[in-house]
Amino acid sequence: MVRLTFEHESEVEESNLDSSLLDISLKHGIPHMHVCGGHARCSTCRVLVCQGQENMLPRNAAEQALAEQKGLEDNIRLACQARVKGDVTVRRLVLDHQDVDLVMQEQQQTTGREQNVAILFSDIRGFTSFAERHLSYDIIHILNRYFQEMGEVVLANHGYIDKYMGDGLMALFGVDEQDSSINCMHAVTSALQMGEALERVNRYLKQNFDEQFEIGVGVHVGEVVLGNIGHRDRAHFTAIGDAVNIASRVEGETKMIDSSVLVSQCMHAHISNQVHFGQTLKTELKGKSGDYLLYEVLGLKGE
């Protein structure tokens with residue numbers, strides 16, 4: 001006899017361990033969604049395993065195939081296929097027809113997971129005044145040329161381009177890699193190579209527009225929540241969390257000491273043996289309490 005707790009709903013005891021979680025919940029009157037009839041085709045019966053994951057039997061082939069297709073993390077199981085060998089607490093995740101619509105139309109890499117990643121923010125200094133001096137076509141054309149160069153740098157260093165924000169760019173390093181030191185080196189290498197890419201952009205700008213760009217790049221490493229967020233027709237894989245805000249604030253501080261690349265103290269701990277540093281800045285970050293140490297990056301050792 002095992003005890004199955006459906007969080008916020010019911011606690012039941014079951015002796016037939018050949019039954020699936022879906023069969024058990026329906027047997028005890030829990031209104032469990034199962035649009036496909038329990039055939040591992042829709043995932044509307046999905047549950048979050050809150051406690052006792054060690055008492056869940058491994059996924060069968062049908063559940064594994066749909067989990068890979070839907071990007072389900074290990075703690076999210078299909079109730080129609082999942083079976084238990086001991087006490088488990090789960091929570092149903094699809095509760096009404098709007099939830100069903102979201103599940104049926106999702107295309108995502110993950111249903112949501114916490115992960116340690118390196119986060120890079122870059123921004124063109126004084127871009128607003130630049131835009132005021134030029135035609136709309138030229139602004140869009142130049143931005144696209146600039147982002148093409150910067151994007152190639154990010155991708156070449158195993159980064160993921162999270163989003164563009166006007167003339168700013170946010171990139172993640174470590175979406176598919178668990179080694180923080182490797183991710184941090186990829187991120188700081190990208191930051192330095194952005195300076196090289198900027199030289200190519202500036203040659204074009206000087207020749208054709210008599211203009212030059214300067215950029216600031218800030219990099220931080222920390223835990224974020226990764227997942228697809230937004231309207232189902234425009235959902236976007238992104239990172240959210242305090243670490244993202246800190247990375248953005250670090251980039252903003254590049255103007256304070258006229259530095260192109262600044263990294264946080266957390267980043268410094270991962271890359272200190274492989275990077276040449278310049279100035280150290282002790283400062284407050286907007287919206288944060290206490291002082292933060294930031295480090296100017298000059299180059300990679302051995303180059």
# chains A, B, ... in the order shown; residues from 1 in each chain; ligands from 1

call {"tool": "select_by_dssp", "arguments": {"residues": "range 140-235 of chain A", "states": "helix (DSSP H, G or I)", "output": "JSON, numbers by chain"}}
result
{"A": [140, 141, 142, 143, 144, 145, 146, 147, 148, 149, 150, 151, 152, 153, 154, 155, 156, 180, 181, 182, 183, 184, 185, 186, 187, 188, 189, 190, 191, 192, 193, 194, 195, 196, 197, 198, 199, 200, 201, 202, 203, 204, 205, 206, 207, 208, 209]}

call {"tool": "residues_around", "arguments": {"residues": "Val153 in chain A", "least_positions_apart": "3", "cutoff": "9 Å", "atoms": "only C-alpha atoms", "output": "list of chain:residue names"}}
result
A:Gln148, A:Glu149, A:Met150, A:Ala156, A:Asn157, A:Gly159, A:Thr189, A:Ser190, A:Ala191, A:Gln193, A:Met194, A:Ala197

call {"tool": "closest_atom_pairs", "arguments": {"of": "range 172-267 of chain A", "to": "range 288-297 of chain A", "cutoff": "6 Å", "atoms": "only C-alpha atoms", "output": "tab-separated table"}}
result
residue	atom	partner	partner_atom	distance
A:Val261	CA	A:Val297	CA	5.5
A:Leu262	CA	A:Glu296	CA	4.6
A:Val263	CA	A:Tyr295	CA	5.3
A:Ser264	CA	A:Leu294	CA	4.8
A:Gln265	CA	A:Leu293	CA	5.7

call {"tool": "residues_around", "arguments": {"residues": "range 205-214 of chain A", "least_positions_apart": "4", "cutoff": "8 Å", "atoms": "only C-alpha atoms", "output": "list in words"}}
result
Ile124, Arg125, Leu198, Val201 and Ser260 of chain A

call {"tool": "residues_around", "arguments": {"residues": "Met267 in chain A", "least_positions_apart": "4", "cutoff": "12 Å", "atoms": "only C-alpha atoms", "output": "ChimeraX atom specification"}}
result
/A:116-120,180-188,218-222,243,246-247,250,262-263,271-275,293-297

call {"tool": "residues_around", "arguments": {"residues": "Cys80 in chain A", "least_positions_apart": "4", "cutoff": "8 Å", "atoms": "only C-alpha atoms", "output": "list in words"}}
result
Ser20, Leu21, Leu22, Asp23, His34, Gly38, His39, Ala40 and Cys45 of chain A

call {"tool": "write_last_selection", "arguments": {"atoms": "N, CA and C atoms", "output": "PDB file, in the first residue's frame"}}
result
ATOM      1  N   SER A  20      -1.539   3.278 -13.471  1.00  0.00           N
ATOM      2  CA  SER A  20      -0.842   4.539 -13.702  1.00  0.00           C
ATOM      3  C   SER A  20      -1.353   5.593 -12.725  1.00  0.00           C
ATOM      4  N   LEU A  21      -0.606   6.679 -12.596  1.00  0.00           N
ATOM      5  CA  LEU A  21      -1.070   7.784 -11.763  1.00  0.00           C
ATOM      6  C   LEU A  21      -2.411   8.322 -12.239  1.00  0.00           C
ATOM      7  N   LEU A  22      -2.590   8.349 -13.557  1.00  0.00           N
ATOM      8  CA  LEU A  22      -3.862   8.835 -14.105  1.00  0.00           C
ATOM      9  C   LEU A  22      -5.002   7.921 -13.680  1.00  0.00           C
ATOM     10  N   ASP A  23      -4.825   6.607 -13.814  1.00  0.00           N
ATOM     11  CA  ASP A  23      -5.875   5.668 -13.421  1.00  0.00           C
ATOM     12  C   ASP A  23      -6.206   5.815 -11.942  1.00  0.00           C
ATOM     13  N   HIS A  34      -6.992  14.529 -19.515  1.00  0.00           N
ATOM     14  CA  HIS A  34      -6.325  13.517 -20.343  1.00  0.00           C
ATOM     15  C   HIS A  34      -6.984  13.528 -21.731  1.00  0.00           C
ATOM     16  N   GLY A  38      -5.263   9.152 -22.481  1.00  0.00           N
ATOM     17  CA  GLY A  38      -4.231   8.452 -21.734  1.00  0.00           C
ATOM     18  C   GLY A  38      -3.293   7.634 -22.586  1.00  0.00           C
ATOM     19  N   HIS A  39      -2.999   8.129 -23.799  1.00  0.00           N
ATOM     20  CA  HIS A  39      -2.157   7.377 -24.737  1.00  0.00           C
ATOM     21  C   HIS A  39      -0.805   8.054 -25.004  1.00  0.00           C
ATOM     22  N   ALA A  40      -0.377   8.925 -24.124  1.00  0.00           N
ATOM     23  CA  ALA A  40       0.925   9.605 -24.243  1.00  0.00           C
ATOM     24  C   ALA A  40       1.056  10.373 -25.553  1.00  0.00           C
ATOM     25  N   CYS A  45      -2.073  15.388 -19.102  1.00  0.00           N
ATOM     26  CA  CYS A  45      -2.144  14.742 -17.787  1.00  0.00           C
ATOM     27  C   CYS A  45      -0.881  14.981 -16.973  1.00  0.00           C
TER      28      CYS A  45
END

call {"tool": "residues_around", "arguments": {"residues": "range 92-100 of chain A", "least_positions_apart": "2", "cutoff": "7 Å", "atoms": "only C-alpha atoms", "output": "PyMOL selection string"}}
result
chain A and resi 33+44-48+90+102-104

call {"tool": "write_last_selection", "arguments": {"atoms": "C-alpha atoms", "output": "CSV table (one decimal), in the first residue's frame"}}
result
chain,number,residue,atom,x,y,z
A,33,MET,CA,-7.2,16.1,-17.7
A,44,THR,CA,-2.3,17.3,-20.6
A,45,CYS,CA,-2.1,14.7,-17.8
A,46,ARG,CA,1.3,16.0,-16.8
A,47,VAL,CA,2.1,16.3,-13.1
A,48,LEU,CA,5.0,17.9,-11.2
A,90,VAL,CA,2.5,15.3,-7.1
A,102,LEU,CA,-1.2,26.2,-24.0
A,103,VAL,CA,0.0,22.6,-23.6
A,104,MET,CA,-1.3,21.5,-27.0

call {"tool": "closest_atom_pairs", "arguments": {"of": "range 105-210 of chain A", "to": "range 57-76 of chain A", "cutoff": "12 Å", "atoms": "only C-alpha atoms", "output": "JSON lines"}}
result
{"residue": "A:Gln105", "atom": "CA", "partner": "A:Lys70", "partner_atom": "CA", "distance": 10.0}
{"residue": "A:Glu106", "atom": "CA", "partner": "A:Lys70", "partner_atom": "CA", "distance": 7.4}
{"residue": "A:Gln107", "atom": "CA", "partner": "A:Lys70", "partner_atom": "CA", "distance": 6.6}
{"residue": "A:Gln108", "atom": "CA", "partner": "A:Gly71", "partner_atom": "CA", "distance": 5.9}
{"residue": "A:Gln109", "atom": "CA", "partner": "A:Gly71", "partner_atom": "CA", "distance": 4.8}
{"residue": "A:Thr110", "atom": "CA", "partner": "A:Gly71", "partner_atom": "CA", "distance": 4.2}
{"residue": "A:Thr111", "atom": "CA", "partner": "A:Leu72", "partner_atom": "CA", "distance": 5.4}
{"residue": "A:Gly112", "atom": "CA", "partner": "A:Glu73", "partner_atom": "CA", "distance": 7.3}
{"residue": "A:Arg113", "atom": "CA", "partner": "A:Glu73", "partner_atom": "CA", "distance": 7.3}
{"residue": "A:Glu114", "atom": "CA", "partner": "A:Glu73", "partner_atom": "CA", "distance": 10.6}

call {"tool": "atom_distance", "arguments": {"atom1": "CA of His32 in chain A", "atom2": "CA of Asn228 in chain A"}}
result
24.4 Å

call {"tool": "closest_residue", "arguments": {"among": "A:Ser122, A:Asn144, A:Ser10, A:Ser248", "to": "Ser25 in chain A", "atoms": "only C-alpha atoms"}}
result
A:Ser10

call {"tool": "select_by_dssp", "arguments": {"residues": "range 37-274 of chain A", "states": "strand (DSSP E or B)", "output": "PDB file with N, CA and C atoms, in the first residue's frame"}}
result
ATOM      1  N   ARG A  46       0.006  15.814 -17.434  1.00  0.00           N
ATOM      2  CA  ARG A  46       1.308  16.015 -16.778  1.00  0.00           C
ATOM      3  C   ARG A  46       1.168  16.427 -15.319  1.00  0.00           C
ATOM      4  N   VAL A  47       2.095  15.932 -14.507  1.00  0.00           N
ATOM      5  CA  VAL A  47       2.136  16.295 -13.094  1.00  0.00           C
ATOM      6  C   VAL A  47       3.565  16.691 -12.728  1.00  0.00           C
ATOM      7  N   LEU A  48       3.667  17.546 -11.734  1.00  0.00           N
ATOM      8  CA  LEU A  48       4.955  17.910 -11.156  1.00  0.00           C
ATOM      9  C   LEU A  48       5.183  17.038  -9.926  1.00  0.00           C
ATOM     10  N   VAL A  49       6.305  16.332  -9.888  1.00  0.00           N
ATOM     11  CA  VAL A  49       6.631  15.509  -8.735  1.00  0.00           C
ATOM     12  C   VAL A  49       7.247  16.413  -7.667  1.00  0.00           C
ATOM     13  N   CYS A  50       6.517  16.618  -6.578  1.00  0.00           N
ATOM     14  CA  CYS A  50       6.955  17.529  -5.517  1.00  0.00           C
ATOM     15  C   CYS A  50       7.821  16.826  -4.480  1.00  0.00           C
ATOM     16  N   GLN A  51       7.470  15.582  -4.161  1.00  0.00           N
ATOM     17  CA  GLN A  51       8.244  14.783  -3.212  1.00  0.00           C
ATOM     18  C   GLN A  51       8.208  13.327  -3.659  1.00  0.00           C
ATOM     19  N   MET A  56       9.366   7.094  -8.127  1.00  0.00           N
ATOM     20  CA  MET A  56       8.761   7.020  -9.465  1.00  0.00           C
ATOM     21  C   MET A  56       9.545   6.025 -10.310  1.00  0.00           C
ATOM     22  N   ILE A  76       8.813  16.400 -14.203  1.00  0.00           N
ATOM     23  CA  ILE A  76       7.473  16.478 -14.783  1.00  0.00           C
ATOM     24  C   ILE A  76       7.185  15.165 -15.497  1.00  0.00           C
ATOM     25  N   ARG A  77       6.125  14.496 -15.082  1.00  0.00           N
ATOM     26  CA  ARG A  77       5.817  13.167 -15.591  1.00  0.00           C
ATOM     27  C   ARG A  77       4.418  13.135 -16.213  1.00  0.00           C
ATOM     28  N   LEU A  78       4.235  12.217 -17.142  1.00  0.00           N
ATOM     29  CA  LEU A  78       2.916  11.980 -17.725  1.00  0.00           C
ATOM     30  C   LEU A  78       2.176  10.998 -16.822  1.00  0.00           C
ATOM     31  N   VAL A  84       4.354   4.162  -9.752  1.00  0.00           N
ATOM     32  CA  VAL A  84       5.116   4.422  -8.534  1.00  0.00           C
ATOM     33  C   VAL A  84       5.442   3.118  -7.835  1.00  0.00           C
ATOM     34  N   VAL A  88       4.450   9.174  -2.914  1.00  0.00           N
ATOM     35  CA  VAL A  88       4.778  10.266  -3.829  1.00  0.00           C
ATOM     36  C   VAL A  88       3.785  11.407  -3.626  1.00  0.00           C
ATOM     37  N   THR A  89       4.295  12.638  -3.740  1.00  0.00           N
ATOM     38  CA  THR A  89       3.428  13.819  -3.772  1.00  0.00           C
ATOM     39  C   THR A  89       3.578  14.484  -5.133  1.00  0.00           C
ATOM     40  N   VAL A  90       2.444  14.700  -5.803  1.00  0.00           N
ATOM     41  CA  VAL A  90       2.458  15.318  -7.130  1.00  0.00           C
ATOM     42  C   VAL A  90       1.452  16.463  -7.171  1.00  0.00           C
ATOM     43  N   ARG A  91       1.602  17.297  -8.183  1.00  0.00           N
ATOM     44  CA  ARG A  91       0.640  18.380  -8.412  1.00  0.00           C
ATOM     45  C   ARG A  91       0.232  18.388  -9.873  1.00  0.00           C
ATOM     46  N   ARG A  92      -1.052  18.359 -10.114  1.00  0.00           N
ATOM     47  CA  ARG A  92      -1.537  18.444 -11.508  1.00  0.00           C
ATOM     48  C   ARG A  92      -1.194  19.817 -12.080  1.00  0.00           C
ATOM     49  N   ARG A 113      13.461  25.367 -15.879  1.00  0.00           N
ATOM     50  CA  ARG A 113      14.475  24.770 -15.011  1.00  0.00           C
ATOM     51  C   ARG A 113      15.396  25.857 -14.481  1.00  0.00           C
ATOM     52  N   GLU A 114      15.955  25.619 -13.305  1.00  0.00           N
ATOM     53  CA  GLU A 114      16.950  26.513 -12.738  1.00  0.00           C
ATOM     54  C   GLU A 114      18.322  26.066 -13.237  1.00  0.00           C
ATOM     55  N   GLN A 115      19.129  27.029 -13.645  1.00  0.00           N
ATOM     56  CA  GLN A 115      20.451  26.688 -14.169  1.00  0.00           C
ATOM     57  C   GLN A 115      21.411  27.843 -13.954  1.00  0.00           C
ATOM     58  N   ASN A 116      22.663  27.507 -13.738  1.00  0.00           N
ATOM     59  CA  ASN A 116      23.701  28.509 -13.580  1.00  0.00           C
ATOM     60  C   ASN A 116      24.262  28.853 -14.952  1.00  0.00           C
ATOM     61  N   VAL A 117      24.156  30.105 -15.358  1.00  0.00           N
ATOM     62  CA  VAL A 117      24.631  30.532 -16.672  1.00  0.00           C
ATOM     63  C   VAL A 117      25.402  31.840 -16.537  1.00  0.00           C
ATOM     64  N   ALA A 118      26.220  32.109 -17.540  1.00  0.00           N
ATOM     65  CA  ALA A 118      26.877  33.411 -17.654  1.00  0.00           C
ATOM     66  C   ALA A 118      26.004  34.291 -18.546  1.00  0.00           C
ATOM     67  N   ILE A 119      25.811  35.528 -18.117  1.00  0.00           N
ATOM     68  CA  ILE A 119      24.907  36.448 -18.818  1.00  0.00           C
ATOM     69  C   ILE A 119      25.691  37.659 -19.277  1.00  0.00           C
ATOM     70  N   LEU A 120      25.571  37.975 -20.551  1.00  0.00           N
ATOM     71  CA  LEU A 120      26.286  39.109 -21.157  1.00  0.00           C
ATOM     72  C   LEU A 120      25.283  40.147 -21.645  1.00  0.00           C
ATOM     73  N   PHE A 121      25.517  41.386 -21.271  1.00  0.00           N
ATOM     74  CA  PHE A 121      24.756  42.521 -21.813  1.00  0.00           C
ATOM     75  C   PHE A 121      25.725  43.442 -22.544  1.00  0.00           C
ATOM     76  N   SER A 122      25.322  43.887 -23.723  1.00  0.00           N
ATOM     77  CA  SER A 122      26.114  44.907 -24.423  1.00  0.00           C
ATOM     78  C   SER A 122      25.183  46.027 -24.864  1.00  0.00           C
ATOM     79  N   ASP A 123      25.772  47.213 -25.028  1.00  0.00           N
ATOM     80  CA  ASP A 123      24.969  48.390 -25.347  1.00  0.00           C
ATOM     81  C   ASP A 123      25.844  49.396 -26.087  1.00  0.00           C
ATOM     82  N   ILE A 124      25.259  50.071 -27.077  1.00  0.00           N
ATOM     83  CA  ILE A 124      25.970  51.125 -27.801  1.00  0.00           C
ATOM     84  C   ILE A 124      25.811  52.436 -27.033  1.00  0.00           C
ATOM     85  N   GLY A 159      27.380  30.697 -27.414  1.00  0.00           N
ATOM     86  CA  GLY A 159      26.371  31.450 -26.694  1.00  0.00           C
ATOM     87  C   GLY A 159      25.012  31.365 -27.350  1.00  0.00           C
ATOM     88  N   TYR A 160      24.006  31.781 -26.604  1.00  0.00           N
ATOM     89  CA  TYR A 160      22.629  31.853 -27.089  1.00  0.00           C
ATOM     90  C   TYR A 160      22.198  33.314 -27.048  1.00  0.00           C
ATOM     91  N   ILE A 161      21.753  33.846 -28.187  1.00  0.00           N
ATOM     92  CA  ILE A 161      21.283  35.238 -28.237  1.00  0.00           C
ATOM     93  C   ILE A 161      19.876  35.269 -27.667  1.00  0.00           C
ATOM     94  N   ASP A 162      19.743  35.831 -26.491  1.00  0.00           N
ATOM     95  CA  ASP A 162      18.459  35.838 -25.796  1.00  0.00           C
ATOM     96  C   ASP A 162      17.515  36.864 -26.400  1.00  0.00           C
ATOM     97  N   LYS A 163      17.987  38.098 -26.520  1.00  0.00           N
ATOM     98  CA  LYS A 163      17.091  39.132 -27.054  1.00  0.00           C
ATOM     99  C   LYS A 163      17.887  40.361 -27.480  1.00  0.00           C
ATOM    100  N   TYR A 164      17.239  41.193 -28.300  1.00  0.00           N
ATOM    101  CA  TYR A 164      17.735  42.517 -28.657  1.00  0.00           C
ATOM    102  C   TYR A 164      16.803  43.540 -28.015  1.00  0.00           C
ATOM    103  N   MET A 165      17.382  44.593 -27.459  1.00  0.00           N
ATOM    104  CA  MET A 165      16.598  45.642 -26.803  1.00  0.00           C
ATOM    105  C   MET A 165      17.063  46.979 -27.357  1.00  0.00           C
ATOM    106  N   GLY A 168      20.693  47.329 -27.606  1.00  0.00           N
ATOM    107  CA  GLY A 168      21.308  46.432 -26.645  1.00  0.00           C
ATOM    108  C   GLY A 168      21.108  44.976 -27.014  1.00  0.00           C
ATOM    109  N   LEU A 169      21.980  44.137 -26.479  1.00  0.00           N
ATOM    110  CA  LEU A 169      21.942  42.702 -26.747  1.00  0.00           C
ATOM    111  C   LEU A 169      22.149  41.957 -25.439  1.00  0.00           C
ATOM    112  N   MET A 170      21.387  40.873 -25.255  1.00  0.00           N
ATOM    113  CA  MET A 170      21.557  39.998 -24.107  1.00  0.00           C
ATOM    114  C   MET A 170      21.858  38.596 -24.614  1.00  0.00           C
ATOM    115  N   ALA A 171      22.897  37.970 -24.085  1.00  0.00           N
ATOM    116  CA  ALA A 171      23.279  36.624 -24.505  1.00  0.00           C
ATOM    117  C   ALA A 171      23.537  35.757 -23.281  1.00  0.00           C
ATOM    118  N   LEU A 172      23.288  34.464 -23.431  1.00  0.00           N
ATOM    119  CA  LEU A 172      23.485  33.487 -22.366  1.00  0.00           C
ATOM    120  C   LEU A 172      24.549  32.486 -22.778  1.00  0.00           C
ATOM    121  N   PHE A 173      25.345  32.080 -21.819  1.00  0.00           N
ATOM    122  CA  PHE A 173      26.370  31.070 -22.046  1.00  0.00           C
ATOM    123  C   PHE A 173      26.207  29.991 -20.974  1.00  0.00           C
ATOM    124  N   ILE A 215      31.019  50.822 -27.295  1.00  0.00           N
ATOM    125  CA  ILE A 215      30.086  49.934 -26.615  1.00  0.00           C
ATOM    126  C   ILE A 215      30.568  49.641 -25.206  1.00  0.00           C
ATOM    127  N   GLY A 216      29.632  49.242 -24.359  1.00  0.00           N
ATOM    128  CA  GLY A 216      29.942  48.724 -23.037  1.00  0.00           C
ATOM    129  C   GLY A 216      29.403  47.311 -22.940  1.00  0.00           C
ATOM    130  N   VAL A 217      30.185  46.440 -22.302  1.00  0.00           N
ATOM    131  CA  VAL A 217      29.778  45.052 -22.134  1.00  0.00           C
ATOM    132  C   VAL A 217      29.932  44.669 -20.667  1.00  0.00           C
ATOM    133  N   GLY A 218      28.864  44.119 -20.093  1.00  0.00           N
ATOM    134  CA  GLY A 218      28.903  43.641 -18.713  1.00  0.00           C
ATOM    135  C   GLY A 218      28.579  42.170 -18.665  1.00  0.00           C
ATOM    136  N   VAL A 219      29.296  41.432 -17.815  1.00  0.00           N
ATOM    137  CA  VAL A 219      29.090  39.987 -17.729  1.00  0.00           C
ATOM    138  C   VAL A 219      29.003  39.564 -16.261  1.00  0.00           C
ATOM    139  N   HIS A 220      28.031  38.717 -15.978  1.00  0.00           N
ATOM    140  CA  HIS A 220      27.823  38.185 -14.625  1.00  0.00           C
ATOM    141  C   HIS A 220      27.455  36.709 -14.762  1.00  0.00           C
ATOM    142  N   VAL A 221      27.659  35.955 -13.707  1.00  0.00           N
ATOM    143  CA  VAL A 221      27.267  34.543 -13.707  1.00  0.00           C
ATOM    144  C   VAL A 221      26.417  34.282 -12.475  1.00  0.00           C
ATOM    145  N   GLY A 222      25.352  33.505 -12.673  1.00  0.00           N
ATOM    146  CA  GLY A 222      24.472  33.205 -11.551  1.00  0.00           C
ATOM    147  C   GLY A 222      23.337  32.312 -11.973  1.00  0.00           C
ATOM    148  N   GLU A 223      22.514  31.962 -11.014  1.00  0.00           N
ATOM    149  CA  GLU A 223      21.396  31.054 -11.269  1.00  0.00           C
ATOM    150  C   GLU A 223      20.201  31.822 -11.823  1.00  0.00           C
ATOM    151  N   VAL A 224      19.602  31.278 -12.878  1.00  0.00           N
ATOM    152  CA  VAL A 224      18.425  31.867 -13.499  1.00  0.00           C
ATOM    153  C   VAL A 224      17.390  30.767 -13.686  1.00  0.00           C
ATOM    154  N   VAL A 225      16.199  31.175 -14.055  1.00  0.00           N
ATOM    155  CA  VAL A 225      15.162  30.244 -14.486  1.00  0.00           C
ATOM    156  C   VAL A 225      15.068  30.338 -16.003  1.00  0.00           C
ATOM    157  N   LEU A 226      15.218  29.200 -16.671  1.00  0.00           N
ATOM    158  CA  LEU A 226      15.148  29.136 -18.128  1.00  0.00           C
ATOM    159  C   LEU A 226      13.814  28.551 -18.550  1.00  0.00           C
ATOM    160  N   GLY A 227      13.225  29.140 -19.586  1.00  0.00           N
ATOM    161  CA  GLY A 227      11.973  28.590 -20.100  1.00  0.00           C
ATOM    162  C   GLY A 227      11.417  29.444 -21.209  1.00  0.00           C
ATOM    163  N   ASN A 228      10.359  28.934 -21.842  1.00  0.00           N
ATOM    164  CA  ASN A 228       9.659  29.669 -22.894  1.00  0.00           C
ATOM    165  C   ASN A 228       8.583  30.532 -22.259  1.00  0.00           C
ATOM    166  N   ILE A 229       8.589  31.819 -22.571  1.00  0.00           N
ATOM    167  CA  ILE A 229       7.671  32.775 -21.954  1.00  0.00           C
ATOM    168  C   ILE A 229       7.025  33.621 -23.042  1.00  0.00           C
ATOM    169  N   HIS A 236       9.057  32.950 -26.270  1.00  0.00           N
ATOM    170  CA  HIS A 236      10.489  33.141 -26.467  1.00  0.00           C
ATOM    171  C   HIS A 236      11.247  32.454 -25.343  1.00  0.00           C
ATOM    172  N   PHE A 237      12.274  31.685 -25.701  1.00  0.00           N
ATOM    173  CA  PHE A 237      13.124  31.034 -24.699  1.00  0.00           C
ATOM    174  C   PHE A 237      14.025  32.096 -24.084  1.00  0.00           C
ATOM    175  N   THR A 238      13.969  32.214 -22.770  1.00  0.00           N
ATOM    176  CA  THR A 238      14.698  33.296 -22.128  1.00  0.00           C
ATOM    177  C   THR A 238      15.090  32.913 -20.713  1.00  0.00           C
ATOM    178  N   ALA A 239      15.830  33.801 -20.066  1.00  0.00           N
ATOM    179  CA  ALA A 239      16.238  33.631 -18.677  1.00  0.00           C
ATOM    180  C   ALA A 239      15.643  34.753 -17.847  1.00  0.00           C
ATOM    181  N   ILE A 240      15.167  34.416 -16.665  1.00  0.00           N
ATOM    182  CA  ILE A 240      14.676  35.432 -15.743  1.00  0.00           C
ATOM    183  C   ILE A 240      15.309  35.185 -14.380  1.00  0.00           C
ATOM    184  N   VAL A 261      34.713  46.582 -21.056  1.00  0.00           N
ATOM    185  CA  VAL A 261      34.250  45.302 -20.523  1.00  0.00           C
ATOM    186  C   VAL A 261      34.434  45.274 -19.010  1.00  0.00           C
ATOM    187  N   LEU A 262      33.347  45.044 -18.300  1.00  0.00           N
ATOM    188  CA  LEU A 262      33.381  44.852 -16.852  1.00  0.00           C
ATOM    189  C   LEU A 262      32.738  43.516 -16.516  1.00  0.00           C
ATOM    190  N   VAL A 263      33.296  42.840 -15.506  1.00  0.00           N
ATOM    191  CA  VAL A 263      32.704  41.595 -15.028  1.00  0.00           C
ATOM    192  C   VAL A 263      32.475  41.698 -13.531  1.00  0.00           C
ATOM    193  N   SER A 264      31.531  40.892 -13.049  1.00  0.00           N
ATOM    194  CA  SER A 264      31.214  40.879 -11.629  1.00  0.00           C
ATOM    195  C   SER A 264      32.256  40.083 -10.846  1.00  0.00           C
TER     196      SER A 264
END

call {"tool": "atom_distance", "arguments": {"atom1": "CA of Leu281 in chain A", "atom2": "CA of Thr254 in chain A"}}
result
9.8 Å

call {"tool": "atom_distance", "arguments": {"atom1": "CA of Cys266 in chain A", "atom2": "CA of Glu284 in chain A"}}
result
15.5 Å
